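Containing TSV, C-alpha atoms: structure-v5.tsv.
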```tsv
chain	number	residue	atom	x	y	z
A	1	MET	CA	-49.96	-111.67	-121.44
A	2	GLU	CA	-53.70	-111.39	-120.63
A	3	LYS	CA	-55.65	-114.59	-121.31
A	4	ASP	CA	-57.85	-113.00	-124.02
A	5	MET	CA	-54.73	-111.77	-125.85
A	6	LEU	CA	-53.14	-115.20	-125.44
A	7	ILE	CA	-56.22	-116.81	-126.99
A	8	LEU	CA	-55.98	-114.40	-129.95
A	9	HIS	CA	-52.30	-115.26	-130.33
A	10	HIS	CA	-53.02	-118.99	-130.59
A	11	ILE	CA	-55.95	-118.42	-132.98
A	12	ARG	CA	-53.68	-116.38	-135.25
A	13	GLN	CA	-51.32	-119.34	-135.35
A	14	ASN	CA	-54.16	-121.79	-136.10
A	15	PRO	CA	-57.62	-120.37	-136.94
A	16	PHE	CA	-59.11	-123.91	-136.75
A	17	ILE	CA	-57.87	-124.66	-133.22
A	18	SER	CA	-60.52	-126.16	-130.91
A	19	GLN	CA	-61.66	-124.65	-127.63
A	20	GLN	CA	-60.33	-127.71	-125.77
A	21	GLU	CA	-56.92	-127.30	-127.42
A	22	LEU	CA	-56.91	-123.64	-126.37
A	23	ALA	CA	-57.86	-124.64	-122.82
A	24	ASP	CA	-55.00	-127.16	-122.65
A	25	LEU	CA	-52.46	-124.64	-124.00
A	26	ILE	CA	-53.46	-121.83	-121.64
A	27	GLY	CA	-54.26	-123.96	-118.57
A	28	ILE	CA	-57.89	-122.96	-118.05
A	29	SER	CA	-61.21	-124.75	-118.48
A	30	ARG	CA	-62.91	-125.14	-121.87
A	31	SER	CA	-65.93	-123.18	-120.55
A	32	ALA	CA	-63.63	-120.30	-119.59
A	33	VAL	CA	-62.18	-120.33	-123.13
A	34	ALA	CA	-65.75	-120.20	-124.50
A	35	GLY	CA	-66.42	-117.13	-122.35
A	36	TYR	CA	-63.32	-115.33	-123.58
A	37	ILE	CA	-64.19	-116.17	-127.22
A	38	ALA	CA	-67.72	-114.80	-126.71
A	39	GLN	CA	-66.23	-111.54	-125.41
A	40	LEU	CA	-63.75	-111.34	-128.30
A	41	THR	CA	-66.54	-111.97	-130.81
A	42	LYS	CA	-68.71	-109.27	-129.21
A	43	ARG	CA	-65.78	-106.82	-129.40
A	44	GLY	CA	-65.35	-107.62	-133.10
A	45	GLU	CA	-61.89	-109.17	-132.74
A	46	ILE	CA	-63.17	-112.53	-134.03
A	47	LYS	CA	-65.43	-112.79	-137.08
A	48	GLY	CA	-67.41	-115.84	-138.15
A	49	ARG	CA	-66.60	-119.52	-137.93
A	50	ALA	CA	-63.06	-120.87	-137.73
A	51	TYR	CA	-62.23	-117.80	-135.64
A	52	VAL	CA	-61.42	-115.59	-138.62
A	53	LEU	CA	-59.70	-112.54	-137.15
A	54	ARG	CA	-60.30	-108.96	-138.16
A	55	ASP	CA	-57.28	-107.67	-140.05
A	56	GLU	CA	-56.84	-104.09	-138.87
A	57	GLY	CA	-55.38	-102.94	-142.18
A	58	MET	CA	-57.40	-104.99	-144.67
A	59	ILE	CA	-59.96	-103.46	-147.05
A	60	ALA	CA	-62.50	-105.68	-148.82
A	61	CYS	CA	-63.53	-104.32	-152.24
A	62	ILE	CA	-66.79	-105.77	-153.58
A	63	GLY	CA	-68.22	-105.11	-157.05
A	64	GLY	CA	-67.20	-104.73	-160.67
A	65	ALA	CA	-64.10	-106.00	-162.46
A	66	ASN	CA	-64.30	-105.42	-166.21
A	67	LEU	CA	-62.34	-105.11	-169.41
A	68	ASP	CA	-62.23	-101.37	-170.13
A	69	ARG	CA	-62.03	-100.05	-173.68
A	70	LYS	CA	-61.44	-96.34	-174.26
A	71	ALA	CA	-61.97	-94.84	-177.69
A	72	ARG	CA	-60.55	-91.31	-177.73
A	73	GLY	CA	-61.48	-88.95	-180.56
A	74	LYS	CA	-58.66	-87.58	-182.71
A	75	GLN	CA	-60.89	-84.55	-183.30
A	76	ALA	CA	-64.08	-83.21	-181.71
A	77	VAL	CA	-66.60	-86.08	-181.56
A	78	ARG	CA	-69.61	-85.76	-183.87
A	79	LEU	CA	-72.67	-87.83	-183.00
A	80	HIS	CA	-74.43	-89.82	-185.75
A	81	SER	CA	-71.20	-89.85	-187.74
A	82	SER	CA	-68.01	-91.90	-188.13
A	83	ASN	CA	-65.29	-90.63	-185.78
A	84	PRO	CA	-61.54	-91.37	-186.05
A	85	VAL	CA	-60.37	-92.65	-182.65
A	86	THR	CA	-57.45	-94.23	-180.81
A	87	ILE	CA	-58.48	-97.32	-178.81
A	88	MET	CA	-56.89	-98.52	-175.55
A	89	GLU	CA	-57.75	-101.60	-173.48
A	90	SER	CA	-57.14	-101.93	-169.74
A	91	CYS	CA	-58.45	-103.57	-166.59
A	92	GLY	CA	-61.42	-101.73	-165.13
A	93	GLY	CA	-64.45	-101.93	-162.88
A	94	VAL	CA	-65.01	-99.61	-159.91
A	95	ALA	CA	-64.23	-102.10	-157.13
A	96	ARG	CA	-61.30	-103.57	-159.07
A	97	ASN	CA	-59.83	-100.13	-159.84
A	98	ILE	CA	-60.08	-99.14	-156.19
A	99	ALA	CA	-58.52	-102.45	-155.10
A	100	GLU	CA	-55.56	-101.87	-157.45
A	101	ASN	CA	-55.19	-98.26	-156.32
A	102	LEU	CA	-55.12	-99.41	-152.70
A	103	GLY	CA	-52.60	-102.12	-153.56
A	104	ARG	CA	-50.36	-99.50	-155.15
A	105	LEU	CA	-50.70	-97.45	-151.95
A	106	GLY	CA	-49.48	-100.41	-149.91
A	107	CYS	CA	-52.83	-101.39	-148.37
A	108	ASN	CA	-53.77	-104.99	-147.60
A	109	THR	CA	-56.68	-105.41	-150.05
A	110	SER	CA	-58.95	-108.27	-151.10
A	111	LEU	CA	-61.21	-108.25	-154.19
A	112	PHE	CA	-64.66	-109.89	-154.27
A	113	THR	CA	-66.03	-109.96	-157.81
A	114	SER	CA	-67.08	-112.36	-160.58
A	115	ILE	CA	-65.45	-113.11	-163.91
A	116	GLY	CA	-66.13	-115.56	-166.71
A	117	GLU	CA	-63.84	-118.48	-167.45
A	118	ASP	CA	-62.38	-116.61	-170.40
A	119	LYS	CA	-59.08	-114.99	-171.31
A	120	GLU	CA	-60.37	-111.50	-170.46
A	121	GLY	CA	-61.31	-112.52	-166.94
A	122	GLU	CA	-58.06	-114.32	-166.28
A	123	TRP	CA	-56.06	-111.35	-167.60
A	124	ILE	CA	-57.97	-108.99	-165.29
A	125	VAL	CA	-57.36	-110.99	-162.10
A	126	GLN	CA	-53.71	-111.70	-162.87
A	127	GLU	CA	-53.01	-108.02	-163.62
A	128	THR	CA	-54.80	-107.07	-160.39
A	129	LYS	CA	-52.81	-109.63	-158.42
A	130	LYS	CA	-49.54	-108.04	-159.63
A	131	HIS	CA	-50.29	-105.01	-157.46
A	132	GLY	CA	-50.62	-106.99	-154.24
A	133	VAL	CA	-54.40	-107.52	-154.28
A	134	ASP	CA	-55.71	-110.83	-152.90
A	135	ILE	CA	-57.81	-112.42	-155.69
A	136	SER	CA	-58.45	-115.75	-153.93
A	137	GLN	CA	-62.12	-114.90	-153.28
A	138	VAL	CA	-63.06	-114.05	-156.89
A	139	TRP	CA	-65.93	-116.13	-158.34
A	140	ARG	CA	-65.22	-117.75	-161.72
A	141	LEU	CA	-68.54	-118.41	-163.48
A	142	PRO	CA	-68.17	-120.79	-166.45
A	143	THR	CA	-71.49	-119.88	-168.13
A	144	GLN	CA	-70.92	-116.09	-168.05
A	145	ARG	CA	-68.78	-113.63	-170.01
A	146	THR	CA	-66.48	-111.23	-168.14
A	147	GLY	CA	-67.95	-107.73	-167.92
A	148	THR	CA	-66.91	-105.03	-170.41
A	149	TYR	CA	-67.08	-101.23	-170.28
A	150	THR	CA	-66.52	-99.09	-173.37
A	151	ALA	CA	-66.14	-95.29	-173.15
A	152	LEU	CA	-66.03	-92.76	-175.99
A	153	LEU	CA	-63.91	-89.76	-174.98
A	154	ASP	CA	-63.79	-86.40	-176.72
A	155	ILE	CA	-60.49	-84.90	-177.83
A	156	ASP	CA	-60.18	-83.10	-174.46
A	157	GLY	CA	-60.59	-86.37	-172.51
A	158	GLU	CA	-64.18	-85.73	-171.40
A	159	MET	CA	-66.56	-88.68	-171.69
A	160	VAL	CA	-69.19	-88.45	-174.44
A	161	VAL	CA	-70.93	-91.78	-173.84
A	162	SER	CA	-70.19	-95.12	-172.19
A	163	LEU	CA	-71.50	-98.64	-172.87
A	164	ALA	CA	-71.56	-101.37	-170.24
A	165	ASN	CA	-72.17	-105.13	-170.49
A	166	MET	CA	-72.43	-106.22	-166.84
A	167	ASP	CA	-74.85	-109.16	-167.04
A	168	ILE	CA	-72.39	-111.40	-165.18
A	169	TYR	CA	-73.10	-109.64	-161.86
A	170	ASP	CA	-76.78	-110.64	-162.02
A	171	ALA	CA	-75.61	-114.19	-161.23
A	172	LEU	CA	-74.42	-113.16	-157.75
A	173	THR	CA	-76.71	-113.97	-154.80
A	174	PRO	CA	-76.83	-113.13	-151.08
A	175	GLU	CA	-76.11	-116.81	-150.38
A	176	MET	CA	-72.82	-116.53	-152.27
A	177	PHE	CA	-71.81	-113.58	-150.11
A	178	ALA	CA	-72.94	-115.43	-146.96
A	179	GLU	CA	-70.54	-118.28	-147.83
A	180	LYS	CA	-67.64	-115.80	-148.00
A	181	TRP	CA	-68.78	-113.61	-145.13
A	182	SER	CA	-66.09	-114.71	-142.68
A	183	HIS	CA	-63.48	-113.44	-145.19
A	184	ILE	CA	-65.38	-110.20	-145.88
A	185	ALA	CA	-66.07	-109.45	-142.21
A	186	ALA	CA	-62.40	-109.85	-141.31
A	187	ALA	CA	-61.77	-106.50	-143.04
A	188	HIS	CA	-61.18	-103.21	-141.26
A	189	ALA	CA	-63.39	-101.53	-143.89
A	190	ILE	CA	-65.60	-102.71	-146.75
A	191	PHE	CA	-66.12	-100.91	-150.05
A	192	ILE	CA	-68.99	-101.84	-152.37
A	193	ASP	CA	-70.14	-100.54	-155.73
A	194	THR	CA	-73.65	-100.94	-157.10
A	195	ASN	CA	-72.74	-103.30	-159.95
A	196	ILE	CA	-73.90	-106.17	-157.73
A	197	PRO	CA	-77.63	-107.05	-157.51
A	198	GLU	CA	-80.12	-105.22	-155.31
A	199	ASP	CA	-80.63	-108.09	-152.86
A	200	CYS	CA	-76.86	-108.48	-152.42
A	201	LEU	CA	-76.50	-104.78	-151.64
A	202	ALA	CA	-79.28	-105.01	-149.04
A	203	TYR	CA	-77.67	-108.12	-147.50
A	204	ILE	CA	-74.21	-106.52	-147.16
A	205	ILE	CA	-75.59	-103.23	-145.78
A	206	SER	CA	-77.70	-105.11	-143.23
A	207	ARG	CA	-74.84	-107.31	-142.03
A	208	CYS	CA	-72.45	-104.38	-141.76
A	209	ARG	CA	-75.01	-102.56	-139.62
A	210	GLU	CA	-75.55	-105.61	-137.38
A	211	GLU	CA	-71.81	-106.29	-136.99
A	212	ASN	CA	-70.65	-102.66	-136.80
A	213	ILE	CA	-68.31	-102.88	-139.80
A	214	ARG	CA	-67.39	-99.65	-141.61
A	215	LEU	CA	-69.02	-99.71	-145.04
A	216	PHE	CA	-68.28	-97.32	-147.92
A	217	VAL	CA	-70.57	-97.17	-150.97
A	218	ASP	CA	-70.04	-95.86	-154.52
A	219	PRO	CA	-73.41	-95.55	-156.34
A	220	VAL	CA	-71.58	-95.88	-159.76
A	221	SER	CA	-74.39	-94.29	-161.81
A	222	SER	CA	-77.83	-92.78	-161.30
A	223	ALA	CA	-79.42	-95.90	-162.84
A	224	LYS	CA	-77.54	-98.28	-160.54
A	225	ALA	CA	-78.01	-96.05	-157.48
A	226	LYS	CA	-81.71	-96.97	-157.64
A	227	LYS	CA	-80.74	-100.45	-156.43
A	228	LEU	CA	-79.78	-99.13	-152.99
A	229	PRO	CA	-82.38	-99.68	-150.23
A	230	GLN	CA	-84.25	-96.65	-148.90
A	231	GLN	CA	-82.80	-97.13	-145.42
A	232	LEU	CA	-79.02	-96.92	-145.46
A	233	ASP	CA	-78.31	-97.38	-141.76
A	234	GLY	CA	-75.02	-99.23	-141.58
A	235	VAL	CA	-73.36	-97.14	-144.31
A	236	GLU	CA	-70.37	-95.20	-142.96
A	237	ALA	CA	-69.99	-93.08	-146.10
A	238	ILE	CA	-71.45	-92.77	-149.59
A	239	LEU	CA	-69.65	-91.14	-152.52
A	240	PRO	CA	-72.11	-90.00	-155.22
A	241	ASN	CA	-71.42	-87.55	-158.03
A	242	ARG	CA	-73.82	-84.64	-158.50
A	243	GLU	CA	-76.30	-86.58	-160.66
A	244	GLU	CA	-76.32	-89.57	-158.28
A	245	ALA	CA	-76.74	-87.25	-155.29
A	246	GLU	CA	-79.81	-85.72	-156.98
A	247	LEU	CA	-81.35	-89.16	-157.37
A	248	LEU	CA	-80.51	-90.27	-153.82
A	249	SER	CA	-81.88	-87.03	-152.31
A	250	GLY	CA	-84.85	-86.58	-154.65
A	251	MET	CA	-83.94	-82.97	-155.44
A	252	THR	CA	-82.13	-80.91	-158.07
A	253	ILE	CA	-78.71	-79.49	-157.24
A	254	ASN	CA	-77.98	-76.09	-158.79
A	255	SER	CA	-75.80	-74.54	-156.06
A	256	ILE	CA	-73.62	-75.35	-153.07
A	257	GLU	CA	-76.61	-74.61	-150.84
A	258	ASP	CA	-78.61	-77.19	-152.79
A	259	CYS	CA	-75.75	-79.66	-152.39
A	260	ALA	CA	-75.73	-79.16	-148.62
A	261	GLU	CA	-79.49	-79.76	-148.48
A	262	ALA	CA	-79.16	-82.87	-150.68
A	263	CYS	CA	-76.46	-84.26	-148.38
A	264	LYS	CA	-78.74	-83.67	-145.39
A	265	LYS	CA	-81.55	-85.61	-147.08
A	266	ILE	CA	-79.19	-88.50	-147.89
A	267	ARG	CA	-77.96	-88.57	-144.29
A	268	GLU	CA	-81.58	-88.77	-143.15
A	269	ARG	CA	-81.65	-92.17	-144.89
A	270	GLY	CA	-79.06	-93.39	-142.36
A	271	VAL	CA	-75.65	-92.55	-143.90
A	272	LYS	CA	-73.09	-91.01	-141.52
A	273	HIS	CA	-70.91	-89.21	-144.09
A	274	VAL	CA	-71.83	-87.97	-147.59
A	275	ILE	CA	-69.14	-86.89	-150.06
A	276	VAL	CA	-70.40	-85.50	-153.39
A	277	THR	CA	-67.78	-85.42	-156.16
A	278	MET	CA	-68.37	-82.45	-158.46
A	279	GLY	CA	-65.58	-82.56	-161.06
A	280	GLU	CA	-64.05	-79.11	-161.59
A	281	ALA	CA	-65.85	-77.84	-158.47
A	282	GLY	CA	-64.07	-80.38	-156.26
A	283	ILE	CA	-66.06	-82.18	-153.57
A	284	PHE	CA	-68.70	-81.35	-150.98
A	285	TYR	CA	-68.39	-83.20	-147.66
A	286	GLN	CA	-71.03	-83.37	-144.95
A	287	SER	CA	-71.34	-85.20	-141.64
A	288	GLU	CA	-73.42	-84.45	-138.55
A	289	ASP	CA	-70.87	-81.85	-137.41
A	290	VAL	CA	-69.11	-80.67	-140.58
A	291	SER	CA	-70.26	-79.27	-143.94
A	292	GLU	CA	-67.50	-78.14	-146.31
A	293	GLN	CA	-66.68	-77.68	-149.98
A	294	MET	CA	-63.10	-78.61	-150.94
A	295	ALA	CA	-61.56	-77.34	-154.19
A	296	PRO	CA	-59.76	-79.80	-156.47
A	297	TYR	CA	-55.98	-79.80	-156.49
A	298	PRO	CA	-54.66	-78.03	-159.62
A	299	THR	CA	-53.33	-80.43	-162.24
A	300	GLU	CA	-53.08	-80.96	-165.99
A	301	VAL	CA	-56.11	-82.98	-167.12
A	302	VAL	CA	-55.22	-85.69	-169.63
A	303	ASP	CA	-58.16	-88.06	-169.02
A	304	VAL	CA	-60.98	-87.88	-166.44
A	305	THR	CA	-61.64	-91.64	-166.40
A	306	GLY	CA	-60.78	-93.17	-163.04
A	307	ALA	CA	-60.55	-89.88	-161.12
A	308	GLY	CA	-63.59	-90.74	-158.99
A	309	ASP	CA	-62.21	-94.19	-158.22
A	310	ALA	CA	-58.88	-92.60	-157.28
A	311	PHE	CA	-60.65	-90.22	-154.89
A	312	ALA	CA	-62.38	-93.13	-153.14
A	313	SER	CA	-59.04	-94.96	-152.89
A	314	GLY	CA	-57.26	-91.99	-151.32
A	315	LEU	CA	-60.15	-91.55	-148.88
A	316	LEU	CA	-60.07	-95.23	-147.84
A	317	TYR	CA	-56.28	-95.14	-147.53
A	318	GLY	CA	-56.60	-92.21	-145.14
A	319	ILE	CA	-59.38	-93.77	-143.07
A	320	VAL	CA	-57.60	-97.11	-142.49
A	321	ASN	CA	-54.48	-95.16	-141.52
A	322	GLY	CA	-56.33	-93.28	-138.80
A	323	GLU	CA	-56.94	-89.93	-140.55
A	324	SER	CA	-60.07	-87.84	-139.94
A	325	PHE	CA	-62.63	-87.74	-142.75
A	326	GLN	CA	-61.55	-84.23	-143.73
A	327	ALA	CA	-57.86	-85.23	-143.90
A	328	ALA	CA	-58.82	-88.40	-145.78
A	329	CYS	CA	-60.78	-86.29	-148.29
A	330	ARG	CA	-57.63	-84.28	-148.98
A	331	LEU	CA	-55.75	-87.50	-149.70
A	332	GLY	CA	-58.60	-88.44	-152.05
A	333	LEU	CA	-58.25	-85.13	-153.90
A	334	ALA	CA	-54.51	-85.74	-154.23
A	335	ALA	CA	-55.15	-89.23	-155.66
A	336	SER	CA	-57.60	-87.75	-158.18
A	337	ALA	CA	-55.09	-85.10	-159.26
A	338	LEU	CA	-52.42	-87.74	-159.88
A	339	THR	CA	-54.84	-89.92	-161.88
A	340	LEU	CA	-56.07	-87.01	-164.04
A	341	GLN	CA	-52.48	-86.61	-165.29
A	342	THR	CA	-52.51	-89.98	-167.11
A	343	GLU	CA	-54.61	-91.77	-169.72
A	344	GLN	CA	-54.81	-94.81	-167.45
A	345	SER	CA	-57.78	-95.48	-165.14
A	346	VAL	CA	-55.29	-96.46	-162.42
A	347	SER	CA	-52.31	-94.14	-162.31
A	348	PRO	CA	-48.78	-95.55	-162.00
A	349	LEU	CA	-47.98	-92.28	-160.15
A	350	LEU	CA	-50.13	-93.40	-157.23
A	351	LYS	CA	-47.82	-94.03	-154.27
A	352	ALA	CA	-48.35	-93.29	-150.59
A	353	GLU	CA	-45.45	-90.85	-150.36
A	354	GLN	CA	-46.63	-89.02	-153.50
A	355	LEU	CA	-50.10	-88.59	-152.00
A	356	GLN	CA	-48.70	-86.98	-148.87
A	357	LEU	CA	-46.35	-84.78	-150.93
A	358	THR	CA	-49.21	-83.57	-153.15
A	359	VAL	CA	-51.31	-82.62	-150.11
A	360	GLU	CA	-48.39	-80.83	-148.42
A	361	GLN	CA	-47.51	-78.86	-151.57
A	362	TYR	CA	-51.09	-77.74	-152.12
A	363	GLU	CA	-51.63	-76.75	-148.48
A	364	LYS	CA	-48.39	-74.71	-148.59
A	365	GLU	CA	-49.45	-72.84	-151.73
A	366	ARG	CA	-52.92	-71.98	-150.51
```
Give the structure from the file, written as structure tokens.
Amino acid sequence: MEKDMLILHHIRQNPFISQQELADLIGISRSAVAGYIAQLTKRGEIKGRAYVLRDEGMIACIGGANLDRKARGKQAVRLHSSNPVTIMESCGGVARNIAENLGRLGCNTSLFTSIGEDKEGEWIVQETKKHGVDISQVWRLPTQRTGTYTALLDIDGEMVVSLANMDIYDALTPEMFAEKWSHIAAAHAIFIDTNIPEDCLAYIISRCREENIRLFVDPVSSAKAKKLPQQLDGVEAILPNREEAELLSGMTINSIEDCAEACKKIRERGVKHVIVTMGEAGIFYQSEDVSEQMAPYPTEVVDVTGAGDAFASGLLYGIVNGESFQAACRLGLAASALTLQTEQSVSPLLKAEQLQLTVEQYEKER
């Protein structure tokens, strides 16, 4: 075994091993060990102090984890009036939903979020943990209440209005992320949503650029997208919807041609890949070499909530498994189709083999 690989082997066994201990085990000088470690760090095999290793399959999800309440109208919703509804409660939050989706798909996933020391917060993390997500890095803030998101859906499942109480995320600071950076940077890919504060977003984007870590961003809403810095160098891909893409590009989108131009303007801010989700019109994907609209996969729509999160999850699943962006987008569309079939924000139908089957069936029928 090559000496650099031997050093990695011993570090995997004991991340806190000293350079002198490594030298004694391998039979070389301590200065030679230091040289190998410098090379491994430069290559990205070692991240941060205590020789935290990059986990080739791990995805770090950073952002919101909330209690979701859905009130669905029993008849067409009328504003400024009392509406009979059916209410459901579930775990939510963009980053948390994506972490659970990825866990269901068999990915090694870690969640970085904040909850209050309340029963809602504890329920959210324990439910998330059930699906194989690492919750060890979640902040528990005793003076804050766990975030809540309430959506009013029309009888056809379309959202009428949503209400969010996300004050807890304002307590997060760049210093808090710096303390956990060795855990975050060990990931093969990082996903962030814009629920976290502006300075935290800038910090994570900057560090990912400096350390060449693949970063994926969901703007969440047009209001929260404003928190993103003007320069987005270091962002591998951003996943806005049409309204968010308009804000990020500074132009109105009325056609596919407009969408292509908007994507170009967003890429000029430093993003490598732009994927605009457009509901019934599918998605529009653009990179330096490719510009393509992809139709949604046909499915029965029960509830649209969570479809965007499912798309991001399918995309990330594809990327960490070595798929091209276009192939990963197709997996994202399949994940969305499966999620649209249920009232749940995270579909129990979401399994790796089902994703592949959905893509294969659709491609055959085209």
Q: Please provide the set of residues having any atom within 12 Å of Arg145 (chain A), restricted to all atoms listed in the file, with same-chain residues fewer than 4 positions apart removed, written as a list of chain:residue names.
A: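 Near Arg145 (chain A), the qualifying residues are A:Ala65, A:Asn66, A:Leu67, A:Ser114, A:Ile115, A:Gly116, A:Glu117, A:Asp118, A:Lys119, A:Glu120, A:Gly121, A:Glu122, A:Arg140, A:Leu141, A:Asn165, A:Met166, A:Asp167, A:Ile168, A:Tyr169, A:Asp170, A:Ala171.
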Write a file of the selected residues as an mmCIF file, in the frame of the given file, keeping C-alpha atoms.
```cif
data_model
loop_
_atom_site.group_PDB
_atom_site.id
_atom_site.type_symbol
_atom_site.label_atom_id
_atom_site.label_comp_id
_atom_site.auth_asym_id
_atom_site.auth_seq_id
_atom_site.Cartn_x
_atom_site.Cartn_y
_atom_site.Cartn_z
ATOM 1 C CA ALA A 65 -64.100 -106.000 -162.460
ATOM 2 C CA ASN A 66 -64.300 -105.420 -166.210
ATOM 3 C CA LEU A 67 -62.340 -105.110 -169.410
ATOM 4 C CA SER A 114 -67.080 -112.360 -160.580
ATOM 5 C CA ILE A 115 -65.450 -113.110 -163.910
ATOM 6 C CA GLY A 116 -66.130 -115.560 -166.710
ATOM 7 C CA GLU A 117 -63.840 -118.480 -167.450
ATOM 8 C CA ASP A 118 -62.380 -116.610 -170.400
ATOM 9 C CA LYS A 119 -59.080 -114.990 -171.310
ATOM 10 C CA GLU A 120 -60.370 -111.500 -170.460
ATOM 11 C CA GLY A 121 -61.310 -112.520 -166.940
ATOM 12 C CA GLU A 122 -58.060 -114.320 -166.280
ATOM 13 C CA ARG A 140 -65.220 -117.750 -161.720
ATOM 14 C CA LEU A 141 -68.540 -118.410 -163.480
ATOM 15 C CA ASN A 165 -72.170 -105.130 -170.490
ATOM 16 C CA MET A 166 -72.430 -106.220 -166.840
ATOM 17 C CA ASP A 167 -74.850 -109.160 -167.040
ATOM 18 C CA ILE A 168 -72.390 -111.400 -165.180
ATOM 19 C CA TYR A 169 -73.100 -109.640 -161.860
ATOM 20 C CA ASP A 170 -76.780 -110.640 -162.020
ATOM 21 C CA ALA A 171 -75.610 -114.190 -161.230
#
```
Q.
As an exercise, work out the distance from CA of Val320 (chain A) to CA of Arg214 (chain A) in Å and give it to one decimal place.
A.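 Computing the Euclidean distance for CA of Val320 (chain A) and CA of Arg214 (chain A) yields 10.2 Å.
The smallest atom-to-atom distance between Ile46 (chain A) and any of A:Cys91, A:Gln13, A:Val133, A:Ala185, using only C-alpha atoms, is found for A:Ala185.
Nearest to Val290 (chain A) of all the residues A:Leu111, A:Leu232, A:Ile275, A:Leu201 is A:Ile275, based on only C-alpha atoms.
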Q) Quick one, how far is CA of Ser287 (chain A) from CA of Ile266 (chain A)? A)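 If I compute the distance from CA of Ser287 (chain A) to CA of Ile266 (chain A), I get 10.6 Å.
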Q: Would you list the contacts of Arg242 (chain A) as a list in words, taking every protein, DNA or RNA residue within 10 Å and counting all atoms listed in the file, but skipping same-chain residues closer than 5 positions in sequence?
A: Ser222, Leu247, Leu248, Thr252, Ile253, Asn254, Cys259, Ala262, Ile275, Val276, Thr277, Met278, Gly279, Ile283 and Phe284 of chain A
Got a sec to check which residues sit within 8 Å of (-52.5, -107.4, -168.4), counting all atoms listed in the file, and write them as a compact mmCIF listing (two decimals) with C-alpha atoms, keeping the file's coordinate frame?
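Output file out25.txt is given in full below:
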```txt
# COMPACT_ATOMS: atom_id res chain seq x y z
CA SER A 90 -57.14 -101.93 -169.74
CA CYS A 91 -58.45 -103.57 -166.59
CA TRP A 123 -56.06 -111.35 -167.60
CA ILE A 124 -57.97 -108.99 -165.29
CA GLN A 126 -53.71 -111.70 -162.87
CA GLU A 127 -53.01 -108.02 -163.62
```
Q: Tell me which protein, DNA and RNA residues are within 8 Å of Gly282 (chain A), counting only C-alpha atoms, leaving out same-chain ones fewer than 4 positions away, and put them as an NGL selection string.
A: :A and (277-278 or 293-296 or 333)
**Q.** Pairwise distance for CA of Gln341 (chain A) and CA of Glu243 (chain A), rounded to one decimal in Å
**A.**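 We find that CA of Gln341 (chain A) and CA of Glu243 (chain A) lie 24.3 Å from each other.
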Q.
Which residues are near Asp303 (chain A)? Cut-off 9 Å, only C-alpha atoms, ignore same chain within fewer than 4 positions. Put them as a PyMOL selection string.
A. chain A and resi 153+156-159+307+339-345
Q. Got a sec: who's within 12 Å of Glu175 (chain A), counting all atoms listed in the file, leaving out chain neighbours fewer than 4 positions off, as number ranges by chain?
A. A: 171, 179-181, 199-200, 203-204
Write the residues you've just listed into a file as a PDB file, keeping the file's coordinate frame, and include C-alpha atoms for each of them.
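The resulting file, again37.pdb, is shown below:
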```
ATOM      1  CA  ALA A 171     -75.610-114.190-161.230  1.00  0.00           C
ATOM      2  CA  GLU A 179     -70.540-118.280-147.830  1.00  0.00           C
ATOM      3  CA  LYS A 180     -67.640-115.800-148.000  1.00  0.00           C
ATOM      4  CA  TRP A 181     -68.780-113.610-145.130  1.00  0.00           C
ATOM      5  CA  ASP A 199     -80.630-108.090-152.860  1.00  0.00           C
ATOM      6  CA  CYS A 200     -76.860-108.480-152.420  1.00  0.00           C
ATOM      7  CA  TYR A 203     -77.670-108.120-147.500  1.00  0.00           C
ATOM      8  CA  ILE A 204     -74.210-106.520-147.160  1.00  0.00           C
TER       9      ILE A 204
END
```
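If you measure from each of A:Gly63, A:Gly314, A:Pro240, A:Gly73 to Ala327 (chain A) using all atoms listed in the file, the closest one turns out to be A:Gly314.
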Q. Which residue, A:Ile155, A:Leu102, A:Val138, A:Leu79, has the smallest gap to Asp309 (chain A) when you use only C-alpha atoms?
A.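 Among A:Ile155, A:Leu102, A:Val138, A:Leu79, it is A:Leu102 that comes nearest to Asp309 (chain A).
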Residues around (-61.1, -102.2, -146.4), cut-off 9 Å, counting all atoms listed in the file - what are they as a short mmCIF file (atom, residue, chain, number, x, y, z; two decimals) with C-alpha atoms, in the frame of the given file?
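Output file part23.cif follows:
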```
data_model
loop_
_atom_site.label_atom_id
_atom_site.label_comp_id
_atom_site.auth_asym_id
_atom_site.auth_seq_id
_atom_site.Cartn_x
_atom_site.Cartn_y
_atom_site.Cartn_z
CA GLU A 56 -56.84 -104.09 -138.87
CA GLY A 57 -55.38 -102.94 -142.18
CA MET A 58 -57.40 -104.99 -144.67
CA ILE A 59 -59.96 -103.46 -147.05
CA ALA A 60 -62.50 -105.68 -148.82
CA CYS A 61 -63.53 -104.32 -152.24
CA CYS A 107 -52.83 -101.39 -148.37
CA ASN A 108 -53.77 -104.99 -147.60
CA THR A 109 -56.68 -105.41 -150.05
CA SER A 110 -58.95 -108.27 -151.10
CA ALA A 187 -61.77 -106.50 -143.04
CA HIS A 188 -61.18 -103.21 -141.26
CA ALA A 189 -63.39 -101.53 -143.89
CA ILE A 190 -65.60 -102.71 -146.75
CA PHE A 191 -66.12 -100.91 -150.05
CA ARG A 214 -67.39 -99.65 -141.61
CA LEU A 215 -69.02 -99.71 -145.04
CA PHE A 216 -68.28 -97.32 -147.92
CA LEU A 316 -60.07 -95.23 -147.84
CA TYR A 317 -56.28 -95.14 -147.53
CA VAL A 320 -57.60 -97.11 -142.49
#
```
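Using all atoms listed in the file, the shortest contact distance between Ala99 (chain A) and any of A:Val346, A:Ser29, A:Val302, A:Asn14 is found at A:Val346.
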